[in-house]
Every structure is written in structure tokens, then in C-alpha cells.
$ cat target35.txt   # compact mmCIF, C-alpha atoms and all ligand atoms
# COMPACT_ATOMS: atom_id res chain seq x y z
CA GLU A 1 14.29 73.27 -43.15
CA TYR A 2 17.47 74.14 -44.96
CA THR A 3 20.64 74.56 -42.90
CA PRO A 4 23.43 76.47 -44.62
CA PHE A 5 26.61 74.50 -44.31
CA SER A 6 29.28 76.82 -43.07
CA ILE A 7 32.66 76.49 -41.55
CA THR A 8 31.79 79.32 -39.21
CA ASN A 9 28.82 77.38 -37.88
CA ARG A 10 30.29 75.90 -34.75
CA ARG A 11 27.27 73.80 -33.97
CA LEU A 12 27.67 71.96 -37.23
CA PHE A 13 31.33 71.44 -36.68
CA ASN A 14 31.00 70.00 -33.23
CA SER A 15 29.95 66.62 -34.45
CA LYS A 16 30.66 64.60 -37.56
CA ASP A 17 27.15 63.11 -37.34
CA VAL A 18 25.56 66.53 -37.43
CA VAL A 19 27.69 67.41 -40.44
CA ALA A 20 26.67 64.20 -42.20
CA ASP A 21 22.98 65.02 -41.54
CA ALA A 22 23.40 68.54 -42.84
CA ARG A 23 25.13 67.23 -45.96
CA ARG A 24 22.29 64.82 -46.67
CA HIS A 25 19.71 67.49 -46.10
CA ASN A 26 21.49 70.05 -48.22
CA ALA A 27 22.04 67.57 -51.01
CA HIS A 28 18.24 67.27 -51.15
CA HIS A 29 17.95 71.04 -51.41
CA ALA A 30 20.58 70.91 -54.18
CA LYS A 31 18.51 68.40 -56.16
CA GLN A 32 15.57 70.77 -56.17
CA LEU A 33 17.74 73.61 -57.44
CA ILE A 34 19.33 71.47 -60.13
CA GLY A 35 15.92 70.12 -61.14
CA ASP A 36 14.57 73.64 -61.57
CA ALA A 37 17.57 74.62 -63.70
CA LEU A 38 17.19 71.53 -65.90
CA ARG A 39 13.46 72.09 -66.35
CA ASP A 40 13.79 75.80 -67.10
CA ARG A 41 16.40 75.23 -69.76
CA VAL A 42 14.67 72.30 -71.43
CA SER A 43 11.29 74.01 -71.50
CA SER A 44 12.89 76.93 -73.34
CA ILE A 45 13.99 74.69 -76.24
CA ASP A 46 11.64 73.65 -79.01
CA GLY A 47 13.44 70.95 -80.98
CA ASP A 48 11.10 71.47 -83.97
CA ILE A 49 12.19 75.04 -84.65
CA CYS A 50 15.34 75.75 -82.60
CA ASP A 51 18.61 76.99 -84.10
CA VAL A 52 21.44 74.56 -84.82
CA GLY A 53 22.97 73.46 -81.54
CA ASP A 54 20.30 74.92 -79.28
CA GLU A 55 19.34 71.42 -78.26
CA ASP A 56 22.95 70.44 -77.49
CA THR A 57 23.87 68.69 -74.29
CA PHE A 58 24.30 71.01 -71.32
CA PHE A 59 25.48 70.76 -67.73
CA VAL A 60 24.03 72.08 -64.51
CA ALA A 61 26.75 72.51 -61.91
CA ASP A 62 26.05 73.03 -58.23
CA MET A 63 28.87 75.03 -56.72
CA GLY A 64 27.32 74.38 -53.30
CA GLU A 65 28.35 70.73 -53.65
CA VAL A 66 31.98 71.73 -54.26
CA TYR A 67 31.75 74.01 -51.22
CA ARG A 68 30.29 71.23 -49.04
CA GLN A 69 33.04 68.87 -50.13
CA HIS A 70 35.62 71.41 -49.07
CA MET A 71 34.01 71.77 -45.63
CA ARG A 72 33.94 68.01 -45.35
CA TRP A 73 37.63 67.83 -46.29
CA LYS A 74 38.58 70.40 -43.67
CA LEU A 75 36.65 68.53 -41.03
CA ASN A 76 38.12 65.12 -41.77
CA LEU A 77 41.62 65.97 -42.98
CA PRO A 78 42.51 69.18 -41.17
CA ARG A 79 46.24 68.58 -41.63
CA VAL A 80 46.10 68.11 -45.37
CA LYS A 81 45.97 71.19 -47.60
CA PRO A 82 44.13 70.22 -50.78
CA HIS A 83 45.68 71.09 -54.15
CA TYR A 84 42.80 70.47 -56.54
CA ALA A 85 43.81 68.28 -59.51
CA VAL A 86 42.82 70.57 -62.38
CA LYS A 87 42.91 67.72 -64.93
CA CYS A 88 39.81 66.21 -63.38
CA ASN A 89 37.61 69.11 -64.44
CA PRO A 90 39.15 72.48 -65.29
CA ASP A 91 35.78 74.25 -65.10
CA PRO A 92 36.53 77.96 -64.52
CA MET A 93 33.86 78.41 -61.86
CA VAL A 94 35.12 75.40 -59.89
CA LEU A 95 38.66 76.77 -60.03
CA ARG A 96 37.45 80.21 -58.96
CA LEU A 97 35.54 78.85 -55.98
CA LEU A 98 38.45 76.69 -54.86
CA ALA A 99 40.86 79.59 -55.30
CA GLU A 100 38.57 81.76 -53.16
CA MET A 101 38.44 79.04 -50.51
CA GLY A 102 42.21 78.95 -50.39
CA THR A 103 43.08 75.58 -51.90
CA GLY A 104 46.22 75.00 -53.93
CA PHE A 105 46.24 73.45 -57.40
CA ASP A 106 47.85 70.37 -58.93
CA CYS A 107 48.63 71.12 -62.59
CA ALA A 108 49.85 68.62 -65.16
CA SER A 109 50.68 70.85 -68.13
CA LYS A 110 51.55 74.36 -69.22
CA ALA A 111 47.91 75.09 -70.10
CA GLU A 112 46.70 74.10 -66.64
CA ILE A 113 49.40 76.15 -64.93
CA GLU A 114 48.53 79.13 -67.12
CA GLN A 115 44.80 78.82 -66.43
CA VAL A 116 45.37 78.85 -62.68
CA LEU A 117 47.95 81.65 -62.68
CA LYS A 118 45.71 83.80 -64.90
CA MET A 119 43.11 83.72 -62.13
CA GLY A 120 45.61 85.50 -59.92
CA VAL A 121 46.60 82.46 -57.85
CA ASP A 122 50.07 82.82 -56.37
CA PRO A 123 52.53 80.36 -57.98
CA SER A 124 53.45 79.06 -54.53
CA ARG A 125 49.97 77.49 -54.44
CA VAL A 126 50.68 75.41 -57.55
CA ILE A 127 52.45 72.06 -57.79
CA TYR A 128 53.44 70.82 -61.22
CA ALA A 129 52.61 67.23 -60.31
CA GLN A 130 53.70 65.42 -63.45
CA PRO A 131 56.82 63.27 -63.05
CA CYS A 132 57.54 63.22 -66.81
CA LYS A 133 57.43 66.80 -68.07
CA THR A 134 57.78 68.51 -71.45
CA LYS A 135 60.98 70.57 -71.55
CA SER A 136 59.38 73.82 -72.68
CA TYR A 137 56.78 73.45 -69.92
CA VAL A 138 59.55 73.20 -67.33
CA ARG A 139 60.98 76.44 -68.72
CA TYR A 140 57.50 77.98 -68.50
CA ALA A 141 57.20 76.85 -64.87
CA ALA A 142 60.60 78.37 -64.09
CA GLN A 143 59.71 81.68 -65.76
CA ASN A 144 56.49 81.83 -63.77
CA ASN A 145 57.92 80.85 -60.38
CA VAL A 146 56.03 77.57 -60.18
CA ASN A 147 58.76 76.00 -58.12
CA GLN A 148 57.18 72.79 -56.85
CA MET A 149 57.29 69.76 -59.12
CA THR A 150 57.48 65.99 -58.92
CA PHE A 151 59.98 63.57 -60.45
CA ASP A 152 60.41 59.80 -60.42
CA ASN A 153 63.36 59.00 -62.67
CA ALA A 154 66.98 59.93 -63.38
CA ASP A 155 66.39 61.51 -66.79
CA GLU A 156 63.91 63.90 -65.25
CA LEU A 157 66.53 64.99 -62.73
CA HIS A 158 68.99 65.79 -65.53
CA LYS A 159 66.23 67.70 -67.35
CA ILE A 160 65.44 69.74 -64.25
CA LYS A 161 69.14 70.36 -63.60
CA GLN A 162 69.41 71.82 -67.11
CA LEU A 163 66.20 73.88 -67.09
CA PHE A 164 65.24 74.73 -63.52
CA PRO A 165 67.95 73.80 -61.00
CA GLU A 166 66.30 75.83 -58.21
CA ALA A 167 63.03 73.83 -58.38
CA GLU A 168 61.62 72.28 -55.20
CA LEU A 169 61.38 68.59 -55.94
CA TYR A 170 59.05 65.87 -54.68
CA LEU A 171 60.07 62.28 -55.27
CA ARG A 172 56.96 60.45 -56.44
CA ILE A 173 56.95 56.88 -55.22
CA ALA A 174 54.90 53.98 -56.56
CA THR A 175 52.02 52.61 -54.49
CA ASP A 176 49.91 49.51 -54.33
CA ASP A 177 46.97 50.83 -56.37
CA SER A 178 45.52 47.44 -57.27
CA ALA A 179 42.21 48.29 -55.57
CA SER A 180 41.68 51.53 -57.46
CA LEU A 181 39.51 52.38 -60.46
CA CYS A 182 42.34 53.92 -62.50
CA ARG A 183 45.81 52.66 -61.72
CA LEU A 184 48.51 55.28 -61.95
CA SER A 185 51.50 53.45 -60.49
CA LEU A 186 51.69 51.27 -63.61
CA LYS A 187 53.04 54.39 -65.26
CA PHE A 188 54.50 56.62 -62.56
CA GLY A 189 56.36 56.36 -59.30
CA ALA A 190 59.83 55.24 -58.28
CA THR A 191 60.11 51.93 -56.49
CA LEU A 192 61.61 52.00 -53.01
CA ASP A 193 64.56 50.08 -54.44
CA SER A 194 65.40 52.94 -56.78
CA ALA A 195 64.60 55.79 -54.38
CA ASN A 196 68.01 55.87 -52.76
CA GLU A 197 69.83 56.00 -56.07
CA LEU A 198 67.63 58.85 -57.26
CA LEU A 199 68.24 60.78 -54.05
CA GLN A 200 71.96 60.25 -54.42
CA LEU A 201 71.83 61.50 -58.01
CA ALA A 202 69.79 64.57 -56.97
CA LYS A 203 72.37 65.31 -54.30
CA GLY A 204 75.20 64.93 -56.79
CA LEU A 205 73.44 67.34 -59.16
CA ASP A 206 72.96 69.81 -56.30
CA LEU A 207 69.19 69.74 -56.70
CA LYS A 208 66.69 70.49 -53.97
CA VAL A 209 64.52 67.55 -52.92
CA VAL A 210 62.00 68.81 -50.35
CA GLY A 211 59.33 66.16 -50.24
CA VAL A 212 57.77 62.87 -51.22
CA ALA A 213 54.60 62.42 -53.29
CA PHE A 214 52.40 59.42 -53.96
CA HIS A 215 49.01 58.60 -55.46
CA VAL A 216 47.11 55.49 -54.39
CA GLY A 217 45.20 55.37 -57.70
CA SER A 218 42.14 57.29 -58.81
CA GLY A 219 38.95 56.00 -57.29
CA ALA A 220 40.81 54.17 -54.54
CA SER A 221 38.85 51.71 -52.42
CA ASP A 222 41.34 50.29 -49.95
CA PRO A 223 42.16 52.62 -47.04
CA ASN A 224 45.19 50.47 -46.26
CA ALA A 225 46.77 51.66 -49.50
CA PHE A 226 47.14 55.03 -47.75
CA LEU A 227 48.68 53.44 -44.66
CA LYS A 228 51.24 51.55 -46.73
CA ALA A 229 52.03 54.61 -48.87
CA VAL A 230 52.54 56.79 -45.79
CA THR A 231 54.92 54.30 -44.21
CA ASP A 232 56.84 54.00 -47.49
CA ALA A 233 56.99 57.79 -47.70
CA ARG A 234 58.38 57.89 -44.14
CA TRP A 235 61.15 55.53 -45.20
CA VAL A 236 62.01 57.72 -48.19
CA PHE A 237 61.92 60.83 -45.98
CA ASP A 238 64.46 59.19 -43.68
CA GLN A 239 66.70 58.23 -46.59
CA ALA A 240 66.50 61.75 -48.01
CA GLU A 241 67.30 63.32 -44.67
CA GLY A 242 70.24 60.95 -44.50
CA HIS A 243 71.46 62.45 -47.76
CA GLY A 244 71.22 65.90 -46.21
CA PHE A 245 68.01 67.11 -47.83
CA ASN A 246 65.74 69.43 -45.88
CA MET A 247 62.51 67.46 -46.26
CA HIS A 248 59.46 69.49 -45.30
CA THR A 249 56.40 68.34 -47.29
CA LEU A 250 54.50 65.13 -47.94
CA ASP A 251 52.06 65.05 -50.85
CA VAL A 252 49.43 62.35 -50.34
CA GLY A 253 47.97 62.71 -53.85
CA GLY A 254 44.35 62.05 -54.80
CA GLY A 255 42.19 58.96 -55.02
CA PHE A 256 39.48 60.09 -52.59
CA VAL A 257 35.90 59.09 -53.38
CA GLY A 258 32.75 60.57 -51.86
CA GLU A 259 31.23 57.35 -50.48
CA THR A 260 34.33 56.14 -48.68
CA PHE A 261 35.90 59.48 -47.87
CA GLU A 262 35.46 59.39 -44.08
CA ALA A 263 36.92 55.88 -43.83
CA MET A 264 39.88 56.81 -46.04
CA ALA A 265 40.45 60.05 -44.19
CA ALA A 266 40.43 58.30 -40.81
CA VAL A 267 43.12 55.84 -41.86
CA LEU A 268 45.17 58.53 -43.58
CA SER A 269 44.95 60.93 -40.62
CA GLY A 270 45.99 58.20 -38.20
CA ALA A 271 48.94 57.24 -40.38
CA LEU A 272 50.06 60.84 -40.83
CA ASP A 273 49.99 61.49 -37.09
CA ALA A 274 51.84 58.25 -36.40
CA TYR A 275 54.62 58.78 -38.95
CA PHE A 276 54.91 62.50 -39.67
CA PRO A 277 55.40 65.04 -36.87
CA GLN A 278 53.27 68.19 -36.97
CA HIS A 279 55.98 70.40 -38.44
CA VAL A 280 55.88 68.42 -41.70
CA ARG A 281 53.54 70.15 -44.17
CA ILE A 282 51.01 67.77 -45.73
CA ILE A 283 49.32 68.48 -49.05
CA GLY A 284 46.92 66.40 -51.18
CA GLU A 285 45.81 66.41 -54.81
CA PRO A 286 42.10 65.50 -54.78
CA GLY A 287 40.25 65.76 -58.08
CA ARG A 288 37.23 63.49 -58.36
CA TYR A 289 36.31 64.07 -54.71
CA TYR A 290 35.49 67.73 -55.29
CA VAL A 291 33.55 67.67 -58.55
CA SER A 292 32.10 64.25 -59.26
CA ASP A 293 28.65 64.86 -57.76
CA ALA A 294 28.53 68.57 -58.55
CA PHE A 295 27.73 68.20 -62.26
CA THR A 296 24.55 66.88 -63.87
CA ILE A 297 24.29 66.56 -67.63
CA ALA A 298 21.16 66.80 -69.79
CA THR A 299 21.07 65.09 -73.17
CA HIS A 300 18.60 65.15 -76.04
CA VAL A 301 17.14 62.02 -77.66
CA ILE A 302 17.92 62.67 -81.32
CA ALA A 303 16.78 59.35 -82.78
CA ARG A 304 15.16 56.05 -81.87
CA ARG A 305 15.14 52.61 -83.44
CA THR A 306 12.47 50.05 -82.61
CA VAL A 307 13.73 46.53 -82.04
CA SER A 308 10.91 44.04 -82.46
CA ASP A 309 11.01 40.74 -80.68
CA LYS A 310 8.09 38.69 -82.01
CA SER A 311 8.70 35.89 -79.53
CA LEU A 312 8.18 38.31 -76.61
CA ASP A 313 5.39 40.24 -78.25
CA SER A 314 7.02 43.45 -77.12
CA ASN A 315 9.37 46.05 -78.46
CA SER A 316 12.58 47.37 -77.08
CA TYR A 317 14.27 50.50 -78.33
CA MET A 318 17.68 51.83 -79.21
CA LEU A 319 17.92 55.49 -78.21
CA TYR A 320 20.48 57.79 -79.80
CA LEU A 321 21.57 60.80 -77.76
CA ASN A 322 23.47 63.90 -78.84
CA ASP A 323 26.36 62.99 -76.51
CA GLY A 324 28.33 59.79 -76.05
CA VAL A 325 31.62 58.16 -75.18
CA TYR A 326 33.53 60.35 -77.64
CA GLY A 327 32.02 63.34 -75.83
CA ASN A 328 31.20 63.95 -72.20
CA PHE A 329 30.63 60.25 -71.57
CA SER A 330 34.33 59.62 -72.16
CA SER A 331 34.31 58.64 -68.48
CA ILE A 332 32.78 55.30 -69.51
CA ILE A 333 35.95 54.38 -71.40
CA PHE A 334 38.67 56.23 -69.52
CA ASP A 335 37.24 56.25 -66.02
CA HIS A 336 35.29 52.97 -65.92
CA GLN A 337 32.05 54.72 -65.01
CA HIS A 338 28.47 53.55 -65.52
CA PRO A 339 26.35 56.69 -65.79
CA VAL A 340 22.71 56.08 -64.90
CA PRO A 341 20.06 57.57 -67.23
CA LYS A 342 17.04 59.31 -65.79
CA ILE A 343 14.10 60.82 -67.63
CA LEU A 344 13.80 64.57 -67.85
CA LYS A 345 10.52 65.50 -69.47
CA ASN A 346 7.16 66.94 -68.60
CA GLY A 347 8.56 68.35 -65.40
CA ASN A 348 9.30 64.94 -63.97
CA VAL A 349 12.91 65.66 -63.07
CA PHE A 350 14.31 63.42 -60.35
CA LYS A 351 11.18 61.28 -60.24
CA HIS A 352 11.75 58.55 -62.79
CA GLU A 353 14.81 56.43 -62.45
CA SER A 354 15.70 53.52 -64.63
CA THR A 355 14.26 50.45 -62.92
CA ALA A 356 15.41 46.89 -62.95
CA GLY A 357 12.66 45.56 -60.68
CA ASN A 358 9.05 44.83 -61.42
CA ASP A 359 6.38 46.45 -59.25
CA GLY A 360 3.57 45.44 -61.55
CA VAL A 361 4.42 48.29 -63.94
CA ALA A 362 5.25 47.23 -67.49
CA LEU A 363 8.85 48.14 -68.17
CA THR A 364 10.27 48.99 -71.56
CA GLU A 365 13.85 48.07 -72.33
CA TYR A 366 16.27 50.52 -73.92
CA SER A 367 19.86 50.59 -75.00
CA ILE A 368 21.38 54.06 -75.13
CA TRP A 369 23.89 55.18 -77.74
CA GLY A 370 25.95 58.24 -78.58
CA PRO A 371 25.71 60.19 -81.83
CA THR A 372 28.88 59.02 -83.63
CA CYS A 373 29.29 56.31 -86.26
CA ASP A 374 31.16 53.95 -83.95
CA GLY A 375 29.61 50.87 -82.35
CA ILE A 376 31.71 51.41 -79.25
CA ASP A 377 29.74 54.61 -78.67
CA CYS A 378 27.29 53.00 -76.26
CA ILE A 379 26.28 54.62 -72.97
CA THR A 380 24.37 51.65 -71.63
CA SER A 381 23.49 48.38 -73.32
CA SER A 382 20.34 47.84 -71.27
CA CYS A 383 18.13 49.81 -68.96
CA THR A 384 14.39 49.86 -68.37
CA PHE A 385 11.86 52.59 -67.82
CA PRO A 386 8.20 52.38 -66.92
CA GLU A 387 7.30 54.75 -69.74
CA VAL A 388 7.99 55.30 -73.40
CA ILE A 389 10.80 57.63 -74.39
CA ASN A 390 10.37 59.45 -77.67
CA VAL A 391 12.58 61.35 -80.06
CA GLY A 392 12.87 64.89 -78.71
CA ASP A 393 12.73 63.84 -75.05
CA TRP A 394 15.57 64.59 -72.67
CA LEU A 395 17.52 62.31 -70.36
CA TYR A 396 19.79 63.42 -67.59
CA PHE A 397 22.67 61.79 -65.75
CA GLU A 398 23.95 62.79 -62.31
CA SER A 399 27.52 62.67 -60.97
CA MET A 400 29.07 63.69 -64.28
CA GLY A 401 31.70 66.09 -62.95
CA ALA A 402 34.88 64.00 -62.89
CA TYR A 403 36.92 63.03 -65.97
CA THR A 404 34.02 63.77 -68.35
CA LYS A 405 34.14 66.99 -70.34
CA CYS A 406 37.91 67.31 -69.88
CA SER A 407 38.47 64.26 -72.08
CA ALA A 408 35.68 64.86 -74.64
CA THR A 409 36.66 64.85 -78.32
CA ARG A 410 35.12 66.38 -81.44
CA PHE A 411 34.95 63.07 -83.28
CA ASN A 412 32.41 63.12 -86.14
CA GLY A 413 32.27 66.91 -85.98
CA PHE A 414 30.35 67.15 -82.72
CA THR A 415 31.24 69.99 -80.42
CA ASP A 416 33.21 69.52 -77.21
CA LYS A 417 31.97 72.85 -75.83
CA HIS A 418 28.76 72.71 -73.88
CA ASP A 419 26.89 75.25 -71.82
CA CYS A 420 27.09 74.98 -68.09
CA ILE A 421 24.39 76.52 -65.90
CA TYR A 422 25.74 77.29 -62.45
CA VAL A 423 23.59 77.09 -59.35
CA SER A 424 24.55 77.17 -55.70
CA SER A 425 22.89 75.23 -52.93
CA GLU A 426 25.13 76.84 -50.29
CA PRO A 427 25.02 80.52 -49.37
CA GLY A 428 28.78 80.35 -48.71
CA ALA A 429 29.47 79.44 -52.33
CA SER A 430 26.89 81.91 -53.63
CA ALA A 431 28.60 84.74 -51.77
CA LEU A 432 32.07 83.85 -53.01
CA LEU A 433 30.92 83.56 -56.63
CA ASP A 434 28.14 86.17 -56.77
CA LEU A 435 25.72 83.44 -57.83
N1 LIG A 501 47.34 63.81 -58.83
C1 LIG A 501 47.84 63.15 -59.89
C2 LIG A 501 49.30 63.18 -60.10
C3 LIG A 501 47.00 62.44 -60.75
O1 LIG A 501 47.51 61.79 -61.81
C4 LIG A 501 45.60 62.45 -60.51
C5 LIG A 501 44.68 61.72 -61.38
O2 LIG A 501 45.03 61.14 -62.37
C6 LIG A 501 45.11 63.19 -59.41
C7 LIG A 501 46.01 63.84 -58.59
C8 LIG A 501 43.65 63.25 -59.08
O3 LIG A 501 43.18 62.03 -58.67
P1 LIG A 501 41.71 61.84 -58.15
O4 LIG A 501 40.79 62.46 -59.13
O5 LIG A 501 41.53 60.39 -58.04
O6 LIG A 501 41.61 62.50 -56.81
$ encode --input "target35.txt" --output "C-alpha cells"
Amino acid sequence: EYTPFSITNRRLFNSKDVVADARRHNAHHAKQLIGDALRDRVSSIDGDICDVGDEDTFFVADMGEVYRQHMRWKLNLPRVKPHYAVKCNPDPMVLRLLAEMGTGFDCASKAEIEQVLKMGVDPSRVIYAQPCKTKSYVRYAAQNNVNQMTFDNADELHKIKQLFPEAELYLRIATDDSASLCRLSLKFGATLDSANELLQLAKGLDLKVVGVAFHVGSGASDPNAFLKAVTDARWVFDQAEGHGFNMHTLDVGGGFVGETFEAMAAVLSGALDAYFPQHVRIIGEPGRYYVSDAFTIATHVIARRTVSDKSLDSNSYMLYLNDGVYGNFSSIIFDHQHPVPKILKNGNVFKHESTAGNDGVALTEYSIWGPTCDGIDCITSSCTFPEVINVGDWLYFESMGAYTKCSATRFNGFTDKHDCIYVSSEPGASALLDL
């Protein structure tokens, strides 16, 4: 039986175990909904006669998953107000749902700020969390009352002094992100050694430093990275207060991953309570956490090449899809992901997974490629299925919501715009979005 996951449901919120059970259960319900949407769409397309582009890749997005993740966040990190990192997936429906649920937004560019403000979000809910900003974007932020922004170097302070001296500034500090999927502190973040000098400069320029920001790296795996970053931030807070700044906010960044979220949140919560008294406002910038599992992508097999191996007396196949690493599978290159193909045909959605084992069923080996001319455009170099995949069949891949379509290109003339079918496995999300 399906249990709607709701923040108003006290029974659910009394126990983390009950919540975990409900999440598992509702994720199952979500799979059925997503499966139906995939099947309906695919069965409406006849590759032999369809118009150009009708067989293009498409997404199915479950807004219920985004909703559940928000409930889970509130349960485990009640002190931390999430500011969704728009860069991760600027899908308009995701932004609308999060705006309705009251989150803030982390924007990295003028376009992201504009997209969020155009939805009617108050500029006080936006942080321009990019320590190295384009000058005209800073002017745009100033004109639109987006006051909060990060910095991590002296030149940026001079830039802000010139363009937006009233801005509320967060000193971004470097972290130990060696255990993360995508390291960010190689590029951003002041070292503790330089923090004092920067604070002194900000004071001399009569700028307003109000907080500290950090990011432990996207796809973080070591909870202790949070503990260390929080203690470092405490040290910088103390230095800043020593310089006379009124420090009121700590920004703990993103890096949260679904599988390890509870463990991360427990360490982070403990550290926050130990080092930052309750009057300090805490915000976060989760991206991947909210959207990764909410998006499933369906792709069309446009071509197939048989690879004969006479010594094995069997064939393997190269499959060519209408999407690849230059498109929505950009996450393979930029985000170190390994999307797992599953077969979507004849109504068998969510039944056939690629198998490595051998249960007596003969397995056929495939490599899976994107549609462009480039040899790097490979989705997976080897996977096996217990059945034959033909030209015209469809494959689908789950957990394709983070750092996928946002970094797709149009290389070789392929489109970077793909349909998204929205479903909702949570009544709470359905009500907020009229789904
Ligand atoms: N905040 C900043 C400044 C970032 O650069 C990123 C990702 O690059 C994020 C937040 C989101 O990180 P994640 O998706 O790991 O939560």
C-alpha cells in the first residue's frame, strides 16, 4: 500500500526508520509511474514512419523524488536551509517545485539568476555562489538586489568594491575534497593562511563580510571532510569577528549524495551544533542530492554493428544510440558517472537489467556508443544482456538528473533540447505543481 510522504504526517516523522521505509516503498511506486510514462511514449513512436526528431531521446522526471529528497533533508538537516545549486539541473519544473517548497537558490551566472528571479523568487533567497564573477554579472546582481555573493581572492574584493560595495560577502575557503567525485577546491577557495589578509583587505575597503562558505567537493564520500571544513569555518568566523565583521551565516555548500546522505548529515549536524551557536544561520547548496535519481532517460538504438569473433563462435554488437557523451551523457566525462543501460521494449520496462553473471542464460555482449563521429563518444565499452537488441529498440538509463542535460552540446548537429515528461509519485508534489 502506498503511503504519501508528507511533512505534515507526524507518524512518518517520528522515526527515521519509518521514513526510510516509506522512501523505499514510494520509490517502488515511482518506478511504476516512470515505467508507464516510458512505455506510453515509446509505444506512440513508429521509427519507420515518424517525423524527424520524433524518436529523439527524452526524459521522464519524477517530481515526487525531488519532493521526497526535500523531506529527507528537512528531517536530517533541520538547521540547514538548502539553496539548490541551479547549475546541476536548471529544469524549470524542478526549480518551480523547490521554489514552492521554500528553498533558496545557488546561482553561478547571470542567466541562472535571471531564471530564478523570473519565477518570482525574492532576491534574498538567491546566493551568487561563484567566487570569480564576470563584471557585468555583478552589476546585474546589484541592479536586481541579489546581495549575497562569495569571494576568495583580493582581485574579487576590488571588483566588488567598484561594482557593488553594499554586497553581503561570504569568504569561500578551500577544503580537503580529495575523497570527492569532482574536486572544486583545486580551483576555488582561500587557504586559511590567506583568509586573514583577505579579511583585512575587505575591512580596509569598507566591504561587508557576513559569512563563510565552503564546498567539500561534488559527490563527497568522506563525512569527516564536513567536520574539518566546519572547524576551519569556525576559525575564519573568529578571525572575521576579530576584524569587526558582523558574521551571521555559514554556507556549507553541496556535495551530498543520496546513498550516504544520512551519514554525512549526522556528522555535519553534530559539527554545526558543536561549533556554531543556534543564532548563526546555516545554508547549504545541494545540487546532485535533489535531482540525480529523479530523471530517467530513454534513448533509441539508431544503428548496430555486428562484431564476429570466430574463435568464440559468437557475435557481439556495437550499438549506436541517438544520445552520447556530447549530449546528455556528458556526465560520463565531466561527472565521472557510469550510467547503466536497461532494455525498454515490448513493455518490459524495469525488468531486464544488464547482467554480468551467468544463470544459465546465454548472454550477448554489447558496447554502447553515442551518435557523433568521435571515438570518445562511448557510453559503455561492455555490457551484457540475455536477449538481442535490434535497431529501433529503446534503452533507458536511471539516475540521469545531475550534471547531464545542463552540459550537453550540439556537436555534430544533434539537438541539446529534449522533451521531458513529468510525473509525480508524491501527492504533495502533484498538488504544488498541478501534475
Ligand atoms: N555550490 C557550488 C559553489 C558548486 O560549485 C557546486 C557544484 O559544482 C554545488 C554547489 C553543487 O554541488 P553538488 O551537486 O555536489 O551538491
$ residues_near_ligand --input "target35.txt" --ligand "ligand LIG 501 (chain A)" --cutoff "9 Å" --atoms "all atoms listed in the file" --output "MDAnalysis selection string"
chainID A and resid 83:88 106:108 128:131 150 172 180:184 188 213:220 252:257 284:292 402:403
$ closest_atom_pairs --input "target35.txt" --of "range 243-331 of chain A" --to "range 407-414 of chain A" --cutoff "6 Å" --atoms "all atoms listed in the file" --output "CSV"
residue,atom,partner,partner_atom,distance
A:Tyr326,CA,A:Thr409,CA,5.5
A:Gly327,CA,A:Ala408,CA,4.1
A:Asn328,CA,A:Ala408,CA,5.2
A:Ser330,CA,A:Ala408,CA,6.0
$ residues_around --input "target35.txt" --residues "Phe226 in chain A" --least-positions-apart "5" --cutoff "8 Å" --atoms "all atoms listed in the file" --output "list in words"
Val216, Met264, Val267, Leu268 and Ala271 of chain A
$ closest_residue --input "target35.txt" --among "A:Ala20, A:Leu163, A:Ala30, A:Ile297" --to "Val423 in chain A" --atoms "only C-alpha atoms"
A:Ala30
$ closest_residue --input "target35.txt" --among "A:Asp323, A:Ala362, A:Tyr396, A:Gly401" --to "Pro341 in chain A" --atoms "all atoms listed in the file"
A:Tyr396
$ residues_near_point --input "target35.txt" --point "(35.5, 77.5, -48.7)" --cutoff "10 Å" --atoms "all atoms listed in the file" --output "ChimeraX atom specification"
/A:6-7,64,66-71,74,97-103,428-429,432
$ residues_around --input "target35.txt" --residues "Arg305 in chain A" --least-positions-apart "2" --cutoff "10 Å" --atoms "all atoms listed in the file" --output "PDB file with C-alpha atoms, keeping the file's coordinate frame"
ATOM      1  CA  ALA A 303      16.780  59.350 -82.780  1.00  0.00           C
ATOM      2  CA  VAL A 307      13.730  46.530 -82.040  1.00  0.00           C
ATOM      3  CA  SER A 308      10.910  44.040 -82.460  1.00  0.00           C
ATOM      4  CA  SER A 316      12.580  47.370 -77.080  1.00  0.00           C
ATOM      5  CA  TYR A 317      14.270  50.500 -78.330  1.00  0.00           C
ATOM      6  CA  MET A 318      17.680  51.830 -79.210  1.00  0.00           C
ATOM      7  CA  LEU A 319      17.920  55.490 -78.210  1.00  0.00           C
ATOM      8  CA  TYR A 320      20.480  57.790 -79.800  1.00  0.00           C
ATOM      9  CA  TYR A 366      16.270  50.520 -73.920  1.00  0.00           C
ATOM     10  CA  SER A 367      19.860  50.590 -75.000  1.00  0.00           C
ATOM     11  CA  VAL A 391      12.580  61.350 -80.060  1.00  0.00           C
TER      12      VAL A 391
END
$ atom_distance --input "target35.txt" --atom1 "CA of Ser382 in chain A" --atom2 "CA of Lys342 in chain A"
13.1 Å
$ atom_distance --input "target35.txt" --atom1 "CA of Leu435 in chain A" --atom2 "CA of Tyr422 in chain A"
7.7 Å
$ atom_distance --input "target35.txt" --atom1 "CA of Val121 in chain A" --atom2 "CA of Pro92 in chain A"
12.9 Å
$ residues_around --input "target35.txt" --residues "His248 in chain A" --least-positions-apart "2" --cutoff "9 Å" --atoms "only C-alpha atoms" --output "ChimeraX atom specification"
/A:210-211,246,250,279-282
$ closest_residue --input "target35.txt" --among "A:Val138, A:Ala190, A:Leu272, A:Ala154" --to "Val80 in chain A" --atoms "all atoms listed in the file"
A:Leu272
$ closest_atom_pairs --input "target35.txt" --of "range 233-344 of chain A" --to "range 39-51 of chain A" --cutoff "10 Å" --atoms "all atoms listed in the file" --output "JSON lines"
{"residue": "A:Ala298", "atom": "CA", "partner": "A:Val42", "partner_atom": "CA", "distance": 8.7}
{"residue": "A:Thr299", "atom": "CA", "partner": "A:Val42", "partner_atom": "CA", "distance": 9.8}
{"residue": "A:His300", "atom": "CA", "partner": "A:Gly47", "partner_atom": "CA", "distance": 9.2}
{"residue": "A:Ile302", "atom": "CA", "partner": "A:Gly47", "partner_atom": "CA", "distance": 9.4}
{"residue": "A:Leu344", "atom": "CA", "partner": "A:Arg39", "partner_atom": "CA", "distance": 7.7}
$ write_last_selection --input "target35.txt" --atoms "C-alpha atoms" --output "JSON list (two decimals), in the coordinates of the input"
[["chain", "number", "residue", "atom", "x", "y", "z"],
["A", 298, "ALA", "CA", 21.16, 66.80, -69.79],
["A", 299, "THR", "CA", 21.07, 65.09, -73.17],
["A", 300, "HIS", "CA", 18.60, 65.15, -76.04],
["A", 302, "ILE", "CA", 17.92, 62.67, -81.32],
["A", 344, "LEU", "CA", 13.80, 64.57, -67.85]]
$ closest_residue --input "target35.txt" --among "A:Ser314, A:Ser399, A:Asn145, A:Thr296" --to "His338 in chain A" --atoms "only C-alpha atoms"
A:Ser399
$ closest_residue --input "target35.txt" --among "A:Val301, A:Val361, A:Met119, A:Leu77" --to "Ala263 in chain A" --atoms "all atoms listed in the file"
A:Leu77
